[in-house]
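Next up, start15.txt (compact mmCIF, C-alpha atoms):
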```txt
# COMPACT_ATOMS: atom_id res chain seq x y z
CA MET F 82 125.11 75.10 136.46
CA SER F 83 123.76 74.76 132.99
CA PRO F 84 125.14 72.08 130.73
CA ALA F 85 127.46 73.62 128.17
CA ASP F 86 129.08 72.29 125.07
CA THR F 87 132.58 73.61 125.23
CA ALA F 88 134.27 71.71 122.44
CA ASN F 89 136.21 74.11 120.28
CA GLY F 90 136.00 71.81 117.29
CA ALA F 91 133.24 69.41 116.44
CA SER F 92 131.42 67.21 118.88
CA SER F 93 129.14 64.24 118.29
CA ILE F 94 125.41 64.74 118.44
CA VAL F 95 122.47 62.56 117.52
CA LEU F 96 119.97 64.01 115.08
CA ARG F 97 116.73 62.36 114.06
CA ILE F 98 116.52 62.86 110.30
CA ASN F 99 113.82 61.31 108.12
CA GLY F 100 112.93 58.88 110.90
CA GLU F 101 116.48 57.67 111.49
CA GLU F 102 118.84 58.47 114.33
CA MET F 103 122.07 59.76 112.85
CA VAL F 104 125.27 60.38 114.76
CA VAL F 105 126.99 63.41 113.28
CA ARG F 106 129.98 65.56 114.14
CA ALA F 107 129.05 69.20 114.32
CA ALA F 108 130.88 72.31 115.48
CA LEU F 109 128.78 74.76 117.49
CA HIS F 110 128.44 77.14 114.55
CA ASP F 111 127.54 74.41 112.04
CA THR F 112 124.05 74.75 110.67
CA LEU F 113 121.66 71.89 110.00
CA LEU F 114 122.21 72.63 106.31
CA THR F 115 125.95 72.07 106.62
CA VAL F 116 125.38 68.78 108.41
CA VAL F 117 122.80 67.31 106.03
CA ARG F 118 124.62 68.39 102.89
CA ASP F 119 128.31 68.12 103.68
CA GLN F 120 128.25 65.27 106.12
CA LEU F 121 125.20 63.16 105.34
CA GLN F 122 125.35 63.86 101.59
CA GLN F 123 121.64 64.61 101.54
CA THR F 124 121.86 67.35 98.98
CA ALA F 125 118.22 68.15 98.18
CA ALA F 126 118.34 71.15 100.52
CA LYS F 127 120.48 73.73 98.72
CA ARG F 128 122.83 76.37 100.04
CA GLY F 129 121.67 79.48 98.20
CA CYS F 130 122.03 82.68 100.16
CA ASN F 131 122.90 81.16 103.57
CA GLN F 132 120.98 84.14 104.96
CA GLY F 133 117.46 82.78 105.20
CA VAL F 134 116.24 84.79 102.24
CA CYS F 135 116.07 82.42 99.27
CA GLY F 136 114.29 79.37 100.72
CA ALA F 137 116.38 76.82 98.79
CA CYS F 138 117.35 75.12 102.07
CA THR F 139 113.77 74.65 103.33
CA VAL F 140 113.32 71.54 105.49
CA GLU F 141 110.78 70.52 108.10
CA ILE F 142 111.49 70.59 111.83
CA ASP F 143 108.88 69.22 114.24
CA GLY F 144 106.19 69.40 111.59
CA ARG F 145 106.84 72.94 110.39
CA THR F 146 108.95 74.33 107.58
CA ALA F 147 112.25 75.87 108.62
CA ARG F 148 115.36 77.33 107.05
CA ALA F 149 118.14 74.76 107.49
CA CYS F 150 120.70 77.54 106.98
CA LEU F 151 119.37 79.49 109.98
CA THR F 152 119.18 76.48 112.29
CA LEU F 153 122.19 75.48 114.34
CA ALA F 154 122.70 71.72 114.23
CA HIS F 155 123.22 71.59 117.99
CA ALA F 156 119.81 73.21 118.46
CA CYS F 157 118.17 70.28 116.61
CA VAL F 158 118.97 67.55 119.11
CA GLY F 159 115.67 65.90 120.00
CA ALA F 160 113.82 67.41 117.04
CA GLU F 161 112.13 65.49 114.23
CA ILE F 162 113.78 66.66 111.01
CA ARG F 163 112.53 65.90 107.52
CA THR F 164 114.28 66.76 104.29
CA LEU F 165 112.91 66.33 100.79
CA GLU F 166 114.69 62.96 100.61
CA GLY F 167 112.52 61.74 103.46
CA VAL F 168 109.15 62.86 102.11
CA GLN F 169 109.42 62.16 98.41
CA ASP F 170 107.25 59.05 98.60
CA GLU F 171 104.33 60.94 100.08
CA PRO F 172 101.42 61.23 97.64
CA ALA F 173 101.45 65.03 97.84
CA VAL F 174 105.15 65.27 97.05
CA ALA F 175 104.87 62.72 94.23
CA ALA F 176 101.97 64.74 92.77
CA LEU F 177 104.01 67.95 93.07
CA GLN F 178 107.03 66.38 91.39
CA ASP F 179 104.88 65.09 88.50
CA ALA F 180 103.22 68.47 88.13
CA PHE F 181 106.52 70.39 88.20
CA THR F 182 107.76 68.12 85.39
CA ALA F 183 104.56 68.37 83.37
CA GLU F 184 104.37 72.15 83.70
CA GLN F 185 108.13 72.57 83.18
CA ALA F 186 108.20 74.56 86.38
CA PHE F 187 111.97 74.81 86.57
CA GLN F 188 115.01 75.58 84.51
CA CYS F 189 118.12 75.10 86.62
CA GLY F 190 116.22 73.30 89.40
CA PHE F 191 118.18 74.83 92.25
CA CYS F 192 115.11 76.31 93.95
CA THR F 193 112.91 73.28 93.29
CA PRO F 194 113.52 71.26 96.49
CA GLY F 195 112.66 74.31 98.61
CA MET F 196 109.62 75.04 96.45
CA LEU F 197 108.47 71.43 96.92
CA MET F 198 108.87 71.60 100.72
CA SER F 199 106.89 74.85 100.93
CA ALA F 200 104.21 73.61 98.51
CA ARG F 201 103.95 70.35 100.46
CA SER F 202 103.34 72.32 103.65
CA LEU F 203 100.62 74.34 101.89
CA LEU F 204 98.86 71.22 100.53
CA GLU F 205 98.96 69.58 103.96
CA HIS F 206 96.74 72.35 105.29
CA ASN F 207 94.85 73.31 102.18
CA ARG F 208 93.93 70.83 99.45
CA CYS F 209 92.27 73.49 97.32
CA PRO F 210 94.49 76.58 97.36
CA ASP F 211 93.70 79.52 95.07
CA GLU F 212 96.39 81.42 93.20
CA SER F 213 96.86 84.02 95.91
CA GLN F 214 97.23 81.36 98.61
CA ILE F 215 99.80 79.53 96.48
CA ARG F 216 101.76 82.73 95.88
CA THR F 217 101.69 83.57 99.58
CA ALA F 218 102.86 80.06 100.51
CA LEU F 219 105.77 80.28 98.05
CA SER F 220 106.66 83.89 98.84
CA GLY F 221 109.68 82.77 100.87
CA ASN F 222 111.15 80.79 97.97
CA LEU F 223 113.03 82.63 95.25
CA CYS F 224 113.41 81.38 91.68
CA ARG F 225 115.83 83.29 89.49
CA CYS F 226 115.08 81.43 86.24
CA THR F 227 111.48 80.87 85.29
CA GLY F 228 109.50 83.47 87.07
CA TYR F 229 106.71 82.02 89.07
CA VAL F 230 103.86 81.48 86.61
CA LYS F 231 104.69 77.86 85.85
CA ILE F 232 105.54 77.06 89.45
CA VAL F 233 102.17 78.38 90.61
CA ALA F 234 100.45 76.43 87.82
CA ALA F 235 102.29 73.27 88.88
CA VAL F 236 101.18 73.58 92.50
CA ARG F 237 97.62 74.16 91.41
CA SER F 238 97.64 71.15 89.08
CA ALA F 239 99.21 68.99 91.80
CA ALA F 240 96.38 70.02 94.13
CA ASP F 241 93.82 69.12 91.44
CA ALA F 242 95.47 65.74 90.86
CA LEU F 243 95.58 65.00 94.59
CA ARG F 244 91.92 65.82 95.04
CA GLN F 245 91.00 63.57 92.11
CA GLU F 246 93.15 60.78 93.51
CA GLU F 247 91.51 61.12 96.90
CA ALA F 248 88.00 61.23 95.40
CA ALA F 249 88.74 58.07 93.41
CA SER F 250 90.06 56.08 96.36
CA MET Y 176 137.44 79.47 111.52
CA THR Y 177 135.19 80.48 114.36
CA THR Y 178 135.38 81.97 117.80
CA LEU Y 179 132.31 80.15 119.01
CA GLN Y 180 133.38 78.00 121.93
CA GLY Y 181 130.31 77.51 124.07
CA LEU Y 182 126.61 76.88 123.76
CA HIS Y 183 124.75 77.26 127.03
CA ARG Y 184 121.21 76.05 127.59
CA PRO Y 185 119.91 77.66 130.77
CA ARG Y 186 116.51 76.60 132.10
CA SER Y 187 115.61 79.84 133.82
CA VAL Y 188 115.90 83.57 133.15
CA GLU Y 189 118.08 83.97 136.24
CA GLU Y 190 120.49 81.33 134.98
CA ALA Y 191 120.61 83.01 131.55
CA ILE Y 192 121.34 86.41 133.13
CA ALA Y 193 124.15 84.89 135.22
CA LEU Y 194 125.71 83.42 132.07
CA LEU Y 195 125.43 86.71 130.16
CA GLN Y 196 126.96 88.62 133.06
CA ARG Y 197 129.82 86.21 133.48
CA ASP Y 198 130.68 86.32 129.80
CA PRO Y 199 130.15 89.76 128.24
CA GLU Y 200 131.06 88.31 124.84
CA ALA Y 201 128.19 85.81 124.93
CA LYS Y 202 125.09 86.46 122.86
CA PRO Y 203 121.58 85.25 123.65
CA ILE Y 204 119.96 83.28 120.84
CA SER Y 205 116.26 82.50 120.49
CA GLY Y 206 114.79 81.54 117.09
CA GLY Y 207 118.05 82.18 115.26
CA ALA Y 208 116.36 83.81 112.26
CA THR Y 209 118.56 86.89 112.59
CA LEU Y 210 121.50 85.76 114.67
CA VAL Y 211 122.45 82.68 112.64
CA ALA Y 212 122.31 84.74 109.44
CA MET Y 213 124.77 87.14 111.10
CA LEU Y 214 126.98 84.24 112.21
CA ASN Y 215 126.94 82.82 108.66
CA ALA Y 216 127.98 86.21 107.28
CA ARG Y 217 130.54 86.65 110.11
CA VAL Y 218 129.01 90.00 110.95
CA ILE Y 219 129.32 88.89 114.56
CA GLU Y 220 131.66 86.30 116.01
CA PRO Y 221 130.59 85.71 119.60
CA GLN Y 222 132.60 83.55 122.01
CA ALA Y 223 129.50 81.81 123.25
CA LEU Y 224 125.77 81.57 122.73
CA VAL Y 225 123.14 81.42 125.43
CA SER Y 226 120.18 79.53 123.97
CA LEU Y 227 116.84 80.64 125.39
CA ALA Y 228 114.99 77.61 123.99
CA GLN Y 229 114.76 75.74 127.31
CA ILE Y 230 113.26 78.58 129.35
CA ASP Y 231 109.54 77.81 129.67
CA GLU Y 232 108.73 81.10 131.38
CA ILE Y 233 109.39 83.16 128.26
CA ARG Y 234 107.28 81.09 125.86
CA GLY Y 235 103.74 81.74 124.70
CA ILE Y 236 101.00 84.32 125.12
CA SER Y 237 98.88 84.71 128.21
CA CYS Y 238 96.32 87.06 129.72
CA LEU Y 239 97.45 88.45 133.10
CA SER Y 240 95.06 88.86 136.05
CA ASP Y 241 94.92 92.63 135.47
CA GLY Y 242 93.88 92.11 131.83
CA ARG Y 243 97.21 92.90 130.21
CA ILE Y 244 98.50 90.50 127.55
CA ARG Y 245 101.94 89.02 128.04
CA ILE Y 246 103.86 87.77 124.99
CA GLY Y 247 106.92 85.82 126.12
CA ALA Y 248 110.15 86.77 124.37
CA PHE Y 249 110.50 83.27 122.89
CA THR Y 250 107.09 83.40 121.20
CA ARG Y 251 107.38 82.71 117.48
CA HIS Y 252 105.89 85.16 114.98
CA ARG Y 253 103.50 82.40 113.86
CA GLU Y 254 102.07 82.06 117.38
CA THR Y 255 101.57 85.80 117.72
CA ALA Y 256 99.98 86.00 114.26
CA GLU Y 257 97.58 83.17 115.21
CA CYS Y 258 96.84 84.40 118.74
CA GLY Y 259 93.17 83.76 119.47
CA LEU Y 260 92.82 86.20 122.39
CA ALA Y 261 90.71 89.33 121.98
CA LEU Y 262 93.43 91.96 121.63
CA GLY Y 263 91.30 95.03 120.84
CA GLU Y 264 93.44 97.97 119.76
CA ALA Y 265 96.58 95.87 120.40
CA SER Y 266 95.58 93.60 117.51
CA VAL Y 267 97.92 95.88 115.55
CA VAL Y 268 100.68 93.66 116.99
CA ARG Y 269 99.04 90.44 115.77
CA HIS Y 270 98.45 92.00 112.35
CA ALA Y 271 102.09 93.08 112.10
CA ALA Y 272 103.25 89.57 113.10
CA SER Y 273 101.20 88.07 110.27
CA GLN Y 274 103.07 90.24 107.76
CA ILE Y 275 106.63 89.40 108.85
CA ALA Y 276 108.67 87.81 106.05
CA ASN Y 277 107.02 84.49 105.10
CA ALA Y 278 105.49 81.44 106.77
CA THR Y 279 108.81 79.61 107.19
CA VAL Y 280 110.56 82.55 108.85
CA ARG Y 281 107.47 83.10 111.04
CA ASN Y 282 107.89 79.49 112.20
CA MET Y 283 111.39 80.38 113.41
CA GLY Y 284 111.69 84.00 114.50
CA THR Y 285 110.64 85.23 117.95
CA ILE Y 286 109.36 88.60 119.17
CA GLY Y 287 112.23 88.97 121.66
CA GLY Y 288 114.87 88.29 119.02
CA SER Y 289 113.22 90.57 116.52
CA ILE Y 290 112.93 93.64 118.74
CA SER Y 291 116.38 93.12 120.27
CA PHE Y 292 117.79 93.35 116.73
CA ALA Y 293 115.86 96.62 116.23
CA ASP Y 294 116.27 96.97 112.49
CA PRO Y 295 114.20 100.04 111.52
CA GLY Y 296 112.50 98.07 108.73
CA LEU Y 297 111.07 95.48 111.12
CA ASP Y 298 107.33 95.16 111.55
CA TYR Y 299 107.06 94.80 115.33
CA PRO Y 300 108.63 98.10 116.47
CA PRO Y 301 106.00 100.52 115.07
CA ALA Y 302 103.22 98.09 116.05
CA LEU Y 303 104.45 97.96 119.66
CA VAL Y 304 104.71 101.75 119.81
CA ALA Y 305 101.17 102.16 118.41
CA ALA Y 306 99.86 99.59 120.89
CA ASP Y 307 101.63 101.43 123.73
CA ALA Y 308 103.27 98.16 124.71
CA SER Y 309 105.96 97.78 127.36
CA ILE Y 310 109.05 95.65 127.10
CA GLU Y 311 110.06 93.57 130.11
CA ILE Y 312 113.83 93.45 130.57
CA ALA Y 313 115.52 91.17 133.11
CA SER Y 314 118.83 91.89 134.78
CA ALA Y 315 120.64 90.59 137.86
CA SER Y 316 118.74 93.11 139.96
CA GLY Y 317 115.30 92.06 138.76
CA ARG Y 318 112.89 93.10 136.03
CA ARG Y 319 112.06 96.50 134.64
CA LEU Y 320 109.42 97.66 132.18
CA VAL Y 321 110.35 100.04 129.39
CA PRO Y 322 107.69 101.69 127.19
CA ALA Y 323 108.11 100.62 123.56
CA HIS Y 324 108.76 104.21 122.41
CA GLU Y 325 111.73 104.38 124.83
CA PHE Y 326 112.94 100.84 124.12
CA PHE Y 327 114.01 101.65 120.57
CA VAL Y 328 116.89 104.10 121.04
CA ASP Y 329 118.70 104.40 117.71
CA TRP Y 330 119.64 102.39 114.62
CA TYR Y 331 119.92 98.78 115.82
CA THR Y 332 120.14 100.05 119.38
CA THR Y 333 117.74 99.33 122.24
CA ALA Y 334 117.48 100.12 125.94
CA VAL Y 335 118.85 96.64 126.73
CA GLU Y 336 122.17 96.95 128.59
CA PRO Y 337 124.96 94.36 128.60
CA GLY Y 338 124.02 91.48 130.89
CA GLU Y 339 120.31 92.12 130.36
CA LEU Y 340 117.72 90.15 128.44
CA VAL Y 341 114.30 90.89 126.93
CA THR Y 342 111.88 88.48 128.61
CA ALA Y 343 108.44 89.63 127.43
CA VAL Y 344 106.28 92.17 125.68
CA LEU Y 345 103.27 93.45 127.62
CA LEU Y 346 100.23 94.81 125.82
CA PRO Y 347 97.80 97.10 127.67
CA LYS Y 348 94.47 95.63 128.72
CA PRO Y 349 92.34 95.53 125.54
CA GLU Y 350 89.43 97.99 125.68
CA GLY Y 351 87.48 96.85 122.63
CA GLY Y 352 89.18 99.01 120.03
CA HIS Y 353 90.86 97.97 116.80
CA GLY Y 354 94.35 98.07 115.43
CA LEU Y 355 96.05 97.26 112.18
CA TYR Y 356 99.30 97.47 110.31
CA VAL Y 357 99.78 98.73 106.76
CA LYS Y 358 103.09 97.90 105.17
CA HIS Y 359 104.60 98.91 101.87
CA CYS Y 360 107.43 96.71 100.64
CA ARG Y 361 109.13 96.00 97.33
CA VAL Y 362 108.30 92.31 97.19
CA ALA Y 363 106.37 89.94 99.44
CA GLY Y 364 108.30 89.22 102.61
CA ASP Y 365 110.72 92.12 102.44
CA TYR Y 366 111.37 94.57 105.25
CA ALA Y 367 109.05 97.57 105.14
CA THR Y 368 110.06 100.45 102.88
CA ALA Y 369 107.61 102.37 105.05
CA SER Y 370 104.76 101.24 107.27
CA ILE Y 371 102.01 102.61 109.49
CA ALA Y 372 100.82 100.94 112.68
CA ILE Y 373 97.58 102.27 114.08
CA ALA Y 374 95.63 101.51 117.25
CA MET Y 375 92.19 103.03 117.71
CA GLN Y 376 90.44 102.77 121.04
CA ARG Y 377 86.68 102.39 121.32
CA SER Y 378 86.55 106.04 122.36
CA GLY Y 379 88.07 106.97 119.01
CA HIS Y 380 91.43 107.89 120.49
CA VAL Y 381 94.16 107.05 117.97
CA ARG Y 382 97.80 106.18 118.41
CA ALA Y 383 99.83 105.86 115.21
CA ALA Y 384 103.47 105.04 114.52
CA VAL Y 385 105.57 105.03 111.38
CA GLY Y 386 108.06 102.27 110.56
CA GLY Y 387 110.99 102.26 108.16
CA CYS Y 388 111.40 106.04 108.12
CA GLY Y 389 114.12 106.73 110.65
CA PRO Y 390 116.30 105.09 113.29
CA THR Y 391 113.34 104.23 115.52
CA PRO Y 392 109.54 104.09 115.07
CA LEU Y 393 108.18 107.59 114.61
CA HIS Y 394 105.40 108.61 116.97
CA ASP Y 395 104.01 112.11 117.32
CA ALA Y 396 101.53 113.17 120.00
CA GLN Y 397 100.22 116.05 117.88
CA ALA Y 398 99.45 113.74 114.96
CA ASP Y 399 97.60 111.44 117.38
CA GLU Y 400 95.57 114.40 118.67
CA ILE Y 401 94.52 115.37 115.17
CA LEU Y 402 93.58 111.80 114.25
CA SER Y 403 91.68 111.32 117.50
CA ALA Y 404 89.60 114.49 116.99
CA ASP Y 405 88.98 114.60 113.25
CA ARG Y 406 89.44 111.95 110.57
CA SER Y 407 88.29 113.88 107.52
CA ASP Y 408 90.61 113.54 104.51
CA ALA Y 409 91.99 117.02 105.23
CA ALA Y 410 92.72 116.22 108.88
CA VAL Y 411 94.41 112.92 108.05
CA ALA Y 412 96.47 114.77 105.44
CA ARG Y 413 97.49 117.30 108.10
CA ALA Y 414 98.58 114.52 110.46
CA GLY Y 415 100.39 112.82 107.58
CA GLU Y 416 102.22 116.02 106.76
CA LEU Y 417 103.35 116.37 110.37
CA LEU Y 418 104.71 112.83 110.41
CA GLU Y 419 106.33 113.35 107.02
CA GLN Y 420 108.16 116.43 108.33
CA LYS Y 421 109.37 114.63 111.45
CA ALA Y 422 110.50 111.51 109.61
CA ASP Y 423 114.21 110.95 109.14
CA PRO Y 424 114.46 108.25 106.48
CA LEU Y 425 117.58 107.08 104.67
CA ASP Y 426 118.16 106.42 101.02
CA ASP Y 427 118.73 102.72 100.59
CA VAL Y 428 118.02 99.84 98.26
CA ARG Y 429 114.35 99.82 99.36
CA GLY Y 430 113.68 103.41 98.40
CA SER Y 431 114.95 106.96 98.50
CA ALA Y 432 114.29 109.20 101.48
CA PRO Y 433 111.90 111.46 99.49
CA TYR Y 434 109.98 108.41 98.27
CA ARG Y 435 109.62 107.14 101.82
CA ARG Y 436 108.36 110.54 102.97
CA ARG Y 437 105.75 110.50 100.24
CA LEU Y 438 104.54 107.09 101.33
CA ILE Y 439 103.75 108.24 104.88
CA PRO Y 440 100.55 110.30 104.28
CA ARG Y 441 99.28 107.77 101.75
CA LEU Y 442 99.79 104.77 104.03
CA LEU Y 443 98.34 106.76 106.92
CA LEU Y 444 95.12 107.51 105.04
CA ARG Y 445 94.77 103.84 104.12
CA ALA Y 446 95.44 102.76 107.70
CA VAL Y 447 92.91 105.23 109.13
CA ARG Y 448 90.18 104.21 106.68
CA GLU Y 449 90.82 100.50 107.23
CA VAL Y 450 90.83 100.74 111.00
CA GLU Y 451 87.57 102.72 110.88
CA LEU Y 452 86.05 99.97 108.74
CA ALA Y 453 87.28 97.33 111.17
CA ARG Y 454 85.74 99.32 113.98
CA GLY Y 455 82.46 99.42 112.10
CA ASN Y 456 82.24 103.14 112.62
CA VAL Y 457 82.83 104.88 109.34
CA GLU Y 458 82.17 108.58 109.78
```
How does the structure come out when it is put into structure tokens?
Amino acid sequence: MSPADTANGASSIVLRINGEEMVVRAALHDTLLTVVRDQLQQTAAKRGCNQGVCGACTVEIDGRTARACLTLAHACVGAEIRTLEGVQDEPAVAALQDAFTAEQAFQCGFCTPGMLMSARSLLEHNRCPDESQIRTALSGNLCRCTGYVKIVAAVRSAADALRQEEAAS
Amino acid sequence: MTTLQGLHRPRSVEEAIALLQRDPEAKPISGGATLVAMLNARVIEPQALVSLAQIDEIRGISCLSDGRIRIGAFTRHRETAECGLALGEASVVRHAASQIANATVRNMGTIGGSISFADPGLDYPPALVAADASIEIASASGRRLVPAHEFFVDWYTTAVEPGELVTAVLLPKPEGGHGLYVKHCRVAGDYATASIAIAMQRSGHVRAAVGGCGPTPLHDAQADEILSADRSDAAVARAGELLEQKADPLDDVRGSAPYRRRLIPRLLLRAVREVELARGNVE
């Protein structure tokens, strides 16, 4: 017989988040987003639409971007999860954060953590993205304030800065 | 708060089928891209979920000994979009996969989950019909193959019966043709307002299907005959007109029914010209 979790309420599971094993209580319907925000108080990932449309909850699971709102917490046991909190010291993320500030690529900032996670994923694979590649990479992240011109400019200038940094070192 | 009381993790298709049969209220879950959104919105409130994540047999893409291509139901859109096999005319399926939503959703969603949902705006259904794919469905009595054009039955309705499970998509043995998918949508990543999937064999035989313009993908043998015999602008327009007449689109937020009808011949002409270019055989 298959193992089944039959707890009606929450049960304890171990999730590996940002390199640390965390014991959390999660009901079967709880999403990863609910657990990281409401229980672990890691609030970079935002609850926007809760439907997988807006991208504000973007995290990384086993090396690839994922919607935390569409991921059941119980399905993440054994996976390597990274949120923006866990990657902010990476050179690419630091460069993106500086560039978003310099380009004023946000107003309310609600979409920014998701934008950073998607842009980080782009820069991991492509250090020299053109405008169309940047737009494609961010197409799953909605911003309702600024439009996308400054966000695209920020990603491009972060890529430039990273390449310069890497050439200098 | 919730009715969800069980999460099963079977390791084989047979075990999954047994669970689904024992509990008619249970829902299978693969990538979660659709189902968890529905849970969040409380559109569905299943008693239990049967996770397909631990079933190795339904993961990945392989070439069978008879040349057919098997895409396991738990294959993510990203894997299908990046498939390195020579798919010939069935590359329409790979091209459609590459245009689903956005990179993050393609990391999550699976072909089995997508087609089981059967939203008319999805990208896979018309592509599978154009590719003349078959859907493998498992039940307690074994496996059956259903042609894609019979699999999609009505709005959000498929040939899958209670207690059954989609286990794979089978593409015909590639014969060196070309296929592609042309999609019109309001913004990047949206469902198709209307789309055309086209598969052209090396012989020049064409199979085309329309997405987003009715309860199921629209396929018409007469339109295929015209496109296979003559691809002048006038002939393509004639085929487009036929498809336009047979389409049964709805008015919704993505576009009015008349607008969708108008898109069909235009997208068809683009699809035909592009697939001819890809085939290196512009006439």
Checklist entry - Just how far from atom CA of Ala369 of chain Y is atom CA of Tyr434 of chain Y, in Å to one decimal? => result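 Atom CA of Tyr434 of chain Y sits 9.4 Å away from atom CA of Ala369 of chain Y.
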Counting only C-alpha atoms, which residues of chain Y fall within 7 Å of chain F, and what is the closest atom pair for each with its distance in Å at one decimal, ordered by chain and rising number, as a Markdown table?
```
| residue | atom | partner | partner_atom | distance |
| --- | --- | --- | --- | --- |
| Y:Leu179 | CA | F:Leu109 | CA | 6.6 |
| Y:Gln180 | CA | F:Asn89 | CA | 5.1 |
| Y:Gly181 | CA | F:Thr87 | CA | 4.7 |
| Y:Leu182 | CA | F:Asp86 | CA | 5.4 |
| Y:His183 | CA | F:Ala85 | CA | 4.7 |
| Y:Arg184 | CA | F:Ser83 | CA | 6.1 |
| Y:Pro185 | CA | F:Ser83 | CA | 5.3 |
| Y:Gly207 | CA | F:Leu151 | CA | 6.1 |
| Y:Ala208 | CA | F:Leu151 | CA | 5.7 |
| Y:Val211 | CA | F:Leu151 | CA | 5.2 |
| Y:Ala212 | CA | F:Gln132 | CA | 4.7 |
| Y:Asn215 | CA | F:Asn131 | CA | 6.7 |
| Y:Asn277 | CA | F:Gly221 | CA | 5.3 |
| Y:Ala278 | CA | F:Ala218 | CA | 6.9 |
| Y:Thr279 | CA | F:Ala147 | CA | 5.3 |
| Y:Val280 | CA | F:Ala147 | CA | 6.9 |
| Y:Asn282 | CA | F:Ala147 | CA | 6.7 |
| Y:Met283 | CA | F:Ala147 | CA | 6.6 |
| Y:Ala363 | CA | F:Ser220 | CA | 6.1 |
| Y:Gly364 | CA | F:Ser220 | CA | 6.7 |
```
Item to check | Contacts of Ser403 of chain Y within 7 Å, all atoms listed in the file, excl. fewer than 5 positions in-chain, as a ChimeraX atom specification | outcome: /Y:379-381
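Put simply, atom CA of Thr209 of chain Y is 15.5 Å away from atom CA of Val341 of chain Y.
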Next on the checklist: Give me, as a PyMOL selection string, all polymer residues having an atom no more than 8 Å from segment 304-318 of chain Y, counting all atoms listed in the file and skipping those fewer than 6 positions away in the same chain.
Outcome noted: chain Y and resi 188-189+192-193+264-265+267-268+324+326+335+338-347+354+372-374+382-384+392+394
Checklist entry - What's the 12 Å shell around Arg244 of chain F, counting only C-alpha atoms, without same-chain residues fewer than 2 positions away, as an MDAnalysis selection string? => result chainID F and resid 172:173 176 204:205 207:210 237:242 246:250
Please write the residues from the selection above to a file, keeping C-alpha atoms, as a compact mmCIF listing (two decimals), in the frame of the given file.
```txt
# COMPACT_ATOMS: atom_id res chain seq x y z
CA PRO F 172 101.42 61.23 97.64
CA ALA F 173 101.45 65.03 97.84
CA ALA F 176 101.97 64.74 92.77
CA LEU F 204 98.86 71.22 100.53
CA GLU F 205 98.96 69.58 103.96
CA ASN F 207 94.85 73.31 102.18
CA ARG F 208 93.93 70.83 99.45
CA CYS F 209 92.27 73.49 97.32
CA PRO F 210 94.49 76.58 97.36
CA ARG F 237 97.62 74.16 91.41
CA SER F 238 97.64 71.15 89.08
CA ALA F 239 99.21 68.99 91.80
CA ALA F 240 96.38 70.02 94.13
CA ASP F 241 93.82 69.12 91.44
CA ALA F 242 95.47 65.74 90.86
CA GLU F 246 93.15 60.78 93.51
CA GLU F 247 91.51 61.12 96.90
CA ALA F 248 88.00 61.23 95.40
CA ALA F 249 88.74 58.07 93.41
CA SER F 250 90.06 56.08 96.36
```
Item to check | Residues within 10 Å of (111.6, 78.1, 85.1), counting only C-alpha atoms, listed as a list of chain:residue names | outcome: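 Here is the list of nearby residues: F:Phe181, F:Glu184, F:Gln185, F:Ala186, F:Phe187, F:Gln188, F:Cys189, F:Gly190, F:Cys192, F:Thr193, F:Cys224, F:Arg225, F:Cys226, F:Thr227, F:Gly228, F:Tyr229, F:Val230, F:Lys231, F:Ile232.
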Checklist entry - Separation of atom CA of Thr255 of chain Y and atom CA of Ile290 of chain Y, in Å? => result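 Computing the Euclidean distance for atom CA of Thr255 of chain Y and atom CA of Ile290 of chain Y yields 13.8 Å.
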So which residues touch His359 of chain Y within 9 Å, counting only C-alpha atoms, skipping near sequence neighbours fewer than 3 positions away, as an mmCIF file with C-alpha atoms, in the coordinates of the input?
```cif
data_model
loop_
_atom_site.group_PDB
_atom_site.id
_atom_site.type_symbol
_atom_site.label_atom_id
_atom_site.label_comp_id
_atom_site.auth_asym_id
_atom_site.auth_seq_id
_atom_site.Cartn_x
_atom_site.Cartn_y
_atom_site.Cartn_z
ATOM 1 C CA VAL Y 362 108.300 92.310 97.190
ATOM 2 C CA TYR Y 366 111.370 94.570 105.250
ATOM 3 C CA ALA Y 367 109.050 97.570 105.140
ATOM 4 C CA THR Y 368 110.060 100.450 102.880
ATOM 5 C CA ALA Y 369 107.610 102.370 105.050
ATOM 6 C CA SER Y 370 104.760 101.240 107.270
ATOM 7 C CA ILE Y 371 102.010 102.610 109.490
ATOM 8 C CA LEU Y 438 104.540 107.090 101.330
ATOM 9 C CA LEU Y 442 99.790 104.770 104.030
#
```
Checklist entry - Pick the closest to Ala272 of chain Y from Y:Val357, Y:Ala404, Y:Val328, Y:Ile204: which is it, counting only C-alpha atoms? => result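 So, comparing all the options, the nearest one is Y:Val357.
Those DNA, RNA and protein residues that approach the point (124.6, 62.9, 111.2) to within 8 Å, considering only C-alpha atoms, are Ile94, Val95, Leu96, Glu102, Met103, Val104, Val105, Arg106, Val116, Val117, Gln120 and Leu121 of chain F.
Closest approach to Gln122 of chain F from the set F:Glu166, F:Glu161, F:Asp143, F:Glu101 is made by F:Glu166, with distances taken over all atoms listed in the file.
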Item to check | Nearest-residue call for Gln123 of chain F, choices F:Pro194, F:Thr182, F:Ser93, F:Ala160, using all atoms listed in the file | outcome: F:Pro194
Next on the checklist: List as a ChimeraX atom specification the protein and nucleic acid residues near Pro440 of chain Y, meaning an atom at most 8 Å away when only C-alpha atoms are counted, but skip any in the same chain fewer than 3 places from it.
Outcome noted: /Y:411-412,414-416,418-419,436-437,443-444
C-alpha atoms of segment 179-184 of chain Y from block above, as a CSV table (one decimal), in the first residue's frame:
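Now in result-v9.csv:
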```
chain,number,residue,atom,x,y,z
Y,179,LEU,CA,-8.5,17.5,1.6
Y,180,GLN,CA,-7.8,14.6,3.9
Y,181,GLY,CA,-5.3,12.4,2.1
Y,182,LEU,CA,-2.2,12.7,-0.1
Y,183,HIS,CA,-1.2,9.5,-1.7
Y,184,ARG,CA,2.1,8.9,-3.4
```
